[in-house]
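Colleague: Hey, dropping input_36.txt in here, compact mmCIF, C-alpha atoms:
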```
# COMPACT_ATOMS: atom_id res chain seq x y z
CA MET A 484 14.44 -5.03 12.32
CA THR A 485 10.83 -5.44 13.39
CA ARG A 486 8.74 -2.64 11.94
CA PRO A 487 4.98 -1.96 12.09
CA LEU A 488 2.92 -2.37 8.93
CA MET A 489 -0.24 -0.56 7.85
CA ILE A 490 -2.22 -2.32 5.11
CA PHE A 491 -4.77 -0.09 3.39
CA ALA A 492 -8.03 -2.01 3.04
CA ALA A 493 -10.79 0.57 3.50
CA GLY A 494 -11.55 1.80 -0.02
CA ARG A 495 -14.82 1.28 -1.86
CA GLY A 496 -13.22 -0.34 -4.91
CA THR A 497 -15.67 1.34 -7.27
CA ARG A 498 -13.51 0.67 -10.33
CA MET A 499 -13.94 -3.07 -9.72
CA GLY A 500 -17.62 -2.90 -10.69
CA ALA A 501 -19.70 -5.96 -9.81
CA LEU A 502 -16.75 -7.63 -8.05
CA THR A 503 -17.09 -5.25 -5.11
CA ARG A 504 -20.87 -5.04 -4.99
CA ASP A 505 -21.04 -7.46 -2.06
CA ARG A 506 -17.45 -7.55 -0.77
CA PRO A 507 -14.60 -5.13 -0.14
CA LYS A 508 -11.87 -5.05 -2.78
CA PRO A 509 -9.28 -6.70 -0.48
CA MET A 510 -11.56 -9.76 -0.35
CA VAL A 511 -11.60 -10.19 -4.15
CA GLU A 512 -9.80 -13.44 -4.89
CA VAL A 513 -6.68 -13.79 -7.01
CA ALA A 514 -5.37 -17.32 -7.57
CA GLY A 515 -7.89 -18.65 -5.05
CA ARG A 516 -6.98 -16.30 -2.19
CA PRO A 517 -8.19 -12.85 -1.14
CA LEU A 518 -6.01 -9.96 -2.25
CA PHE A 519 -5.58 -9.04 1.40
CA ASP A 520 -3.86 -12.36 2.12
CA HIS A 521 -1.31 -11.77 -0.64
CA ALA A 522 -0.40 -8.48 1.04
CA LEU A 523 -0.40 -10.08 4.48
CA ASP A 524 2.04 -12.74 3.28
CA LEU A 525 4.54 -10.02 2.40
CA GLY A 526 4.17 -8.45 5.83
CA ARG A 527 4.58 -11.73 7.70
CA ALA A 528 7.61 -12.72 5.61
CA ALA A 529 9.22 -9.34 6.36
CA GLY A 530 8.69 -9.84 10.09
CA ALA A 531 6.39 -6.83 10.37
CA ALA A 532 4.68 -6.37 13.74
CA PRO A 533 2.15 -5.25 14.60
CA ILE A 534 0.17 -5.47 11.38
CA VAL A 535 -2.77 -3.07 11.23
CA ALA A 536 -5.42 -2.72 8.51
CA ASN A 537 -8.02 0.00 8.12
CA ILE A 538 -11.56 -0.93 7.12
CA HIS A 539 -14.69 0.96 6.09
CA HIS A 540 -16.55 -0.36 3.03
CA LEU A 541 -18.59 -3.50 3.87
CA ARG A 542 -16.56 -3.83 7.04
CA ASP A 543 -18.60 -6.78 8.28
CA ARG A 544 -17.34 -8.80 5.29
CA ILE A 545 -13.66 -8.27 6.07
CA GLU A 546 -13.34 -7.66 9.82
CA PRO A 547 -13.74 -11.34 10.86
CA HIS A 548 -11.18 -12.31 8.22
CA LEU A 549 -8.64 -9.89 9.67
CA ILE A 550 -9.27 -10.84 13.28
CA ALA A 551 -8.84 -14.53 12.45
CA ARG A 552 -5.39 -13.66 11.12
CA SER A 553 -4.38 -11.62 14.17
CA VAL A 554 -4.46 -8.36 12.22
CA VAL A 555 -5.26 -5.28 14.30
CA VAL A 556 -8.33 -3.47 12.92
CA SER A 557 -8.48 0.30 12.53
CA ALA A 558 -12.15 0.99 11.79
CA GLU A 559 -13.05 4.17 9.94
CA THR A 560 -16.66 4.09 11.00
CA ASP A 561 -18.01 7.51 9.98
CA ALA A 562 -16.14 8.29 6.78
CA LEU A 563 -13.19 7.23 4.68
CA LEU A 564 -10.09 9.09 5.82
CA ASP A 565 -7.98 8.53 2.66
CA THR A 566 -4.45 7.17 2.96
CA GLY A 567 -2.92 9.99 5.01
CA GLY A 568 -5.85 10.35 7.36
CA GLY A 569 -6.21 6.59 7.64
CA LEU A 570 -2.56 6.16 8.58
CA ARG A 571 -2.75 8.92 11.19
CA HIS A 572 -5.92 7.41 12.66
CA ALA A 573 -4.09 4.09 13.07
CA LEU A 574 -0.87 5.47 14.60
CA PRO A 575 -1.84 4.63 18.22
CA MET A 576 -2.05 0.98 17.14
CA LEU A 577 1.20 1.04 15.18
CA GLY A 578 3.50 2.41 17.86
CA GLY A 579 6.33 4.88 17.32
CA GLY A 580 8.92 5.21 14.58
CA PRO A 581 8.84 4.76 10.80
CA VAL A 582 6.28 2.28 9.50
CA TYR A 583 5.68 0.23 6.40
CA THR A 584 2.52 0.94 4.45
CA LEU A 585 1.19 -1.41 1.79
CA ASN A 586 -1.77 -1.28 -0.55
CA SER A 587 -3.81 -4.47 -0.71
CA ASP A 588 -4.73 -4.37 -4.42
CA ALA A 589 -1.60 -5.69 -6.10
CA VAL A 590 0.49 -8.83 -6.45
CA TRP A 591 4.25 -9.08 -6.87
CA THR A 592 7.02 -11.29 -8.18
CA GLY A 593 10.65 -11.00 -7.20
CA PRO A 594 12.13 -10.06 -3.82
CA ASN A 595 9.88 -9.08 -0.93
CA PRO A 596 9.41 -5.31 -1.39
CA LEU A 597 9.12 -4.65 2.34
CA CYS A 598 12.42 -6.39 3.06
CA ALA A 599 14.06 -4.36 0.29
CA LEU A 600 12.68 -1.11 1.72
CA ASP A 601 13.92 -2.00 5.18
CA GLY A 602 17.39 -2.70 3.83
CA ALA A 603 17.51 0.64 2.03
CA TRP A 604 16.04 2.79 4.81
CA THR A 605 18.68 5.07 6.29
CA GLY A 606 16.61 7.53 8.29
CA GLY A 607 16.96 11.28 7.99
CA ILE A 608 14.28 11.35 5.27
CA GLY A 609 10.51 11.48 5.33
CA ALA A 610 9.58 8.53 3.12
CA LEU A 611 11.10 5.82 0.95
CA LEU A 612 8.87 4.58 -1.87
CA MET A 613 9.07 1.32 -3.82
CA LEU A 614 8.72 1.94 -7.55
CA VAL A 615 8.55 -0.18 -10.68
CA PRO A 616 9.08 0.85 -14.33
CA LEU A 617 5.97 1.07 -16.50
CA SER A 618 7.33 -1.87 -18.50
CA ARG A 619 6.95 -4.10 -15.43
CA ALA A 620 3.75 -2.54 -14.07
CA LEU A 621 1.15 -4.96 -15.41
CA GLY A 622 -2.45 -3.79 -15.64
CA ARG A 623 -1.40 -0.20 -15.04
CA ALA A 624 -3.84 2.34 -16.45
CA GLY A 625 -2.08 5.61 -17.25
CA GLY A 626 1.49 6.82 -17.10
CA GLY A 627 4.19 6.92 -14.47
CA ASP A 628 4.26 8.73 -11.16
CA PHE A 629 7.87 9.61 -10.43
CA ALA A 630 11.35 10.11 -11.80
CA ILE A 631 14.42 9.17 -9.78
CA ASP A 632 17.96 10.55 -9.86
CA ALA A 633 21.26 8.82 -9.11
CA MET A 634 20.90 9.62 -5.39
CA GLY A 635 17.43 8.09 -5.16
CA ARG A 636 15.70 11.48 -4.93
CA LEU A 637 12.19 11.53 -6.38
CA SER A 638 10.36 14.13 -8.44
CA ARG A 639 6.91 14.05 -10.01
CA GLY A 640 6.61 12.73 -13.54
CA GLY A 641 8.74 10.12 -15.25
CA ASP A 642 8.02 6.48 -16.06
CA LEU A 643 8.25 4.94 -12.58
CA VAL A 644 5.04 3.74 -10.94
CA TYR A 645 4.45 3.85 -7.20
CA THR A 646 3.63 0.29 -6.18
CA GLY A 647 1.80 0.97 -2.92
CA ALA A 648 4.72 -0.05 -0.69
CA GLN A 649 6.79 2.39 1.34
CA ILE A 650 8.41 3.24 4.65
CA ILE A 651 7.25 6.57 6.04
CA ASP A 652 8.07 8.55 9.16
CA PRO A 653 4.74 9.35 10.89
CA ASP A 654 6.10 12.76 11.91
CA THR A 655 5.62 13.80 8.28
CA LEU A 656 1.85 13.74 8.82
CA ALA A 657 1.87 16.51 11.44
CA PRO A 658 1.62 19.48 9.01
CA HIS A 659 -1.71 18.15 7.70
CA PRO A 660 -4.42 19.20 10.18
CA ALA A 661 -7.45 17.98 8.20
CA PRO A 662 -8.78 14.54 9.19
CA VAL A 663 -9.01 13.44 5.54
CA PHE A 664 -5.97 13.74 3.28
CA SER A 665 -3.89 11.71 0.86
CA LEU A 666 -0.31 10.58 1.33
CA SER A 667 0.26 12.05 -2.13
CA GLU A 668 0.03 15.49 -0.50
CA VAL A 669 2.72 14.45 1.97
CA TRP A 670 5.02 13.22 -0.81
CA THR A 671 4.68 16.50 -2.70
CA ARG A 672 5.80 18.44 0.36
CA LEU A 673 8.62 15.98 1.10
CA ALA A 674 9.91 16.12 -2.48
CA ALA A 675 10.05 19.92 -2.32
CA ALA A 676 12.10 19.62 0.89
CA ASP A 677 14.45 16.97 -0.55
CA GLN A 678 13.03 14.41 1.90
CA LEU A 679 11.52 11.91 -0.55
CA ARG A 680 13.50 8.92 -1.79
CA GLY A 681 12.76 5.80 -3.81
CA ILE A 682 14.13 2.44 -4.91
CA VAL A 683 13.18 0.32 -7.91
CA HIS A 684 11.71 -3.17 -7.58
CA PRO A 685 13.52 -5.70 -9.81
CA GLY A 686 10.51 -7.98 -10.28
CA HIS A 687 7.04 -7.52 -11.74
CA TRP A 688 4.00 -5.91 -10.15
CA ALA A 689 0.36 -6.27 -11.17
CA ASP A 690 -2.29 -3.67 -10.35
CA VAL A 691 -5.62 -5.27 -9.38
CA GLY A 692 -7.62 -2.06 -9.24
CA ARG A 693 -9.90 -2.99 -12.15
CA PRO A 694 -11.74 -6.23 -13.04
CA GLU A 695 -9.29 -7.13 -15.80
CA GLY A 696 -6.48 -6.92 -13.26
CA VAL A 697 -7.55 -10.23 -11.71
CA ALA A 698 -6.67 -12.27 -14.81
CA ILE A 699 -3.48 -10.26 -15.33
CA ALA A 700 -2.36 -10.94 -11.77
CA GLU A 701 -3.23 -14.64 -11.95
CA ASP A 702 -1.25 -15.00 -15.19
CA LEU A 703 1.72 -13.29 -13.54
CA LEU A 704 1.62 -15.60 -10.53
CA SER A 705 1.27 -18.67 -12.75
CA ARG A 706 4.64 -17.85 -14.32
CA VAL A 707 6.55 -17.76 -11.02
```
Please render this file's structure as C-alpha cells.

Modeller:
Amino acid sequence: MTRPLMIFAAGRGTRMGALTRDRPKPMVEVAGRPLFDHALDLGRAAGAAPIVANIHHLRDRIEPHLIARSVVVSAETDALLDTGGGLRHALPMLGGGPVYTLNSDAVWTGPNPLCALDGAWTGGIGALLMLVPLSRALGRAGGGDFAIDAMGRLSRGGDLVYTGAQIIDPDTLAPHPAPVFSLSEVWTRLAAADQLRGIVHPGHWADVGRPEGVAIAEDLLSRV
C-alpha cells in the first residue's frame, strides 16, 4: 500500500567533523551520490508518498536539492526538534495513519527495508522497527540496541542494532507534550506496554555517522 515517508535530514552531523563544516550530513557523498539520495531511492522503490524530509542545519545547502526531487520540506527553523518532535512537526504534511521513518545516514544491501516493514506491519501495535545483527552492522560504534523474542517483541539490550527504518503510528506521539523529544522515549514506553515489535534485515547495513563510515559504505556497495 502507499504509505507516507519521513526522512530525517535535520541533524548537525557533528561526528562527521570537517565533512559537515559546509554541508549537512545528508549531502555527504557516498559512491558519488549524496546520502540523502540513497535513502530517497528506498522510499521511491517502496512506493512511499508523500515523502517529507526535515531540515535545519545549513538548510540552504539541502533545501533546493530536496525541492528538485519533489520532496516536501519540513523546516525546523528555530531549533532542532529531535526525531520525535521532528516527526510530530511534519505530521500535517504526512497525512493520517502509520508512516515510514528513515534515517538518511546509512546504506543498505539486500531487500528494500521499507517494503519488508510494510509486509510485516499488522496494525494493533505502536511501532515496527527494522533491526540488523551487530555482525552485519558495518561501521557501528558501540553495542546493540534491542533483543527480540519469538513473537517479534522488543526489549532494550541485546545484539540487534536499530537501522533507522521503521513504521510508526503517529498516535504514539500524543503522550509527549514537549516540542523536543526523541523517538527513543516513545519506544521505551511502547516496549513497556507490549506495543513495540521488530523484524531483522537479512542483508548488510553500513552506518555513515562518522567520517570512516564513508569508505565502509562505499566498500559495501562495491560488493553488491

Colleague: What is the CA of Arg639 in chain A-CA of Arg672 in chain A distance in Å, reported with one decimal?

Modeller: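 Taking CA of Arg639 in chain A as the start and CA of Arg672 in chain A as the end point, the length is 11.3 Å.
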
Colleague: Hey, what's within 8 Å of Ala492 in chain A if we count all atoms listed in the file and toss same-chain stuff fewer than 2 positions away? As a VMD selection string, please?

Modeller: chain A and resid 490 494 507 to 509 519 536 to 539 586 to 587

Colleague: For Glu559 in chain A, list every protein, DNA or RNA residue within 10 Å, evaluated using all atoms listed in the file, and leave out those in the same chain fewer than 6 positions away; present the list as an MDAnalysis selection string.

Modeller: chainID A and resid 493 537:540 542 565 568:569 572:573

Colleague: From the options A:Arg571, A:Asp520, A:Leu621, A:Gly609, which residue's atoms come nearest to Ala551 in chain A, counting only C-alpha atoms?

Modeller: A:Asp520

Colleague: For each of A:Glu695, A:Tyr645, A:Phe629, A:Val555, take the minimum atom-to-atom distance to Met489 in chain A, counting only C-alpha atoms, then give the residue where this is smallest.

Modeller: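 Result for the nearest residue to Met489 in chain A: A:Val555.
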
Colleague: Given 8 Å on each side, where is the centre and what are the edge lengths in Å to one decimal of the axis-aligned box enclosing the listed atoms of range 536-541 of chain A, as JSON?

Modeller:
```
{"center_x": -12.0, "center_y": -1.3, "center_z": 5.8, "size_x": 29.2, "size_y": 20.5, "size_z": 21.5}
```

Colleague: When you count all atoms listed in the file, which of these residues is closest to Gly692 in chain A: A:Arg527, A:His659, A:Arg495, A:Arg706?

Modeller: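 Looking only at the distances to Gly692 in chain A, the closest residue turns out to be A:Arg495.
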
Colleague: Nearest to Ala589 in chain A among A:Ser638, A:Thr497, A:Ser557, A:Thr646, with distances taken over all atoms listed in the file: which residue is it?

Modeller: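 Of all the options, A:Thr646 lies closest to Ala589 in chain A.
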
Colleague: In Å, how far is it from CA of Pro660 in chain A to CA of Ile682 in chain A?

Modeller: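 Separation of CA of Pro660 in chain A and CA of Ile682 in chain A: 29.2 Å.
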
Colleague: Excluding Ala689 in chain A and its own-chain neighbours fewer than 6 positions away, which residues fall within 8 Å of it when counting only C-alpha atoms? Please give them as a list in words.

Modeller: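 Once the adjacent positions are removed, what remains is Ala589, Val590, Trp591, Ala620, Leu621, Gly622, Arg623, Gly696, Ile699, Ala700 and Leu703 of chain A.
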
Colleague: CA of Thr566 in chain A to CA of Ala661 in chain A: how many Å, to one decimal?

Modeller: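 Separation of CA of Thr566 in chain A and CA of Ala661 in chain A: 12.4 Å.
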
Colleague: Please identify all polymer residues within 10 Å of Leu525 in chain A, counting only C-alpha atoms, omitting same-chain residues fewer than 3 positions from it, and present them as a PyMOL selection string.

Modeller: chain A and resi 520-522+528-531+585+590-591+594-598

Colleague: Counting only C-alpha atoms, which of A:Val513, A:Leu679, A:Val669, A:Leu549 gets nearest to Met613 in chain A?

Modeller: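 The answer is A:Leu679, which sits nearest to Met613 in chain A.
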
Colleague: From the set A:Leu666, A:Ala633, A:Leu612, A:Leu541, which residue has the shortest atom-to-atom contact distance to Pro653 in chain A, counting only C-alpha atoms?

Modeller: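 Nearest to Pro653 in chain A: A:Leu666.
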
Colleague: For Arg693 in chain A, work out the shell of residues within 8 Å, counting all atoms listed in the file and skipping chain neighbours fewer than 6 positions away, then give it as a list in words.

Modeller: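 Everything that qualifies: Arg498, Met499 and Gly500 of chain A.
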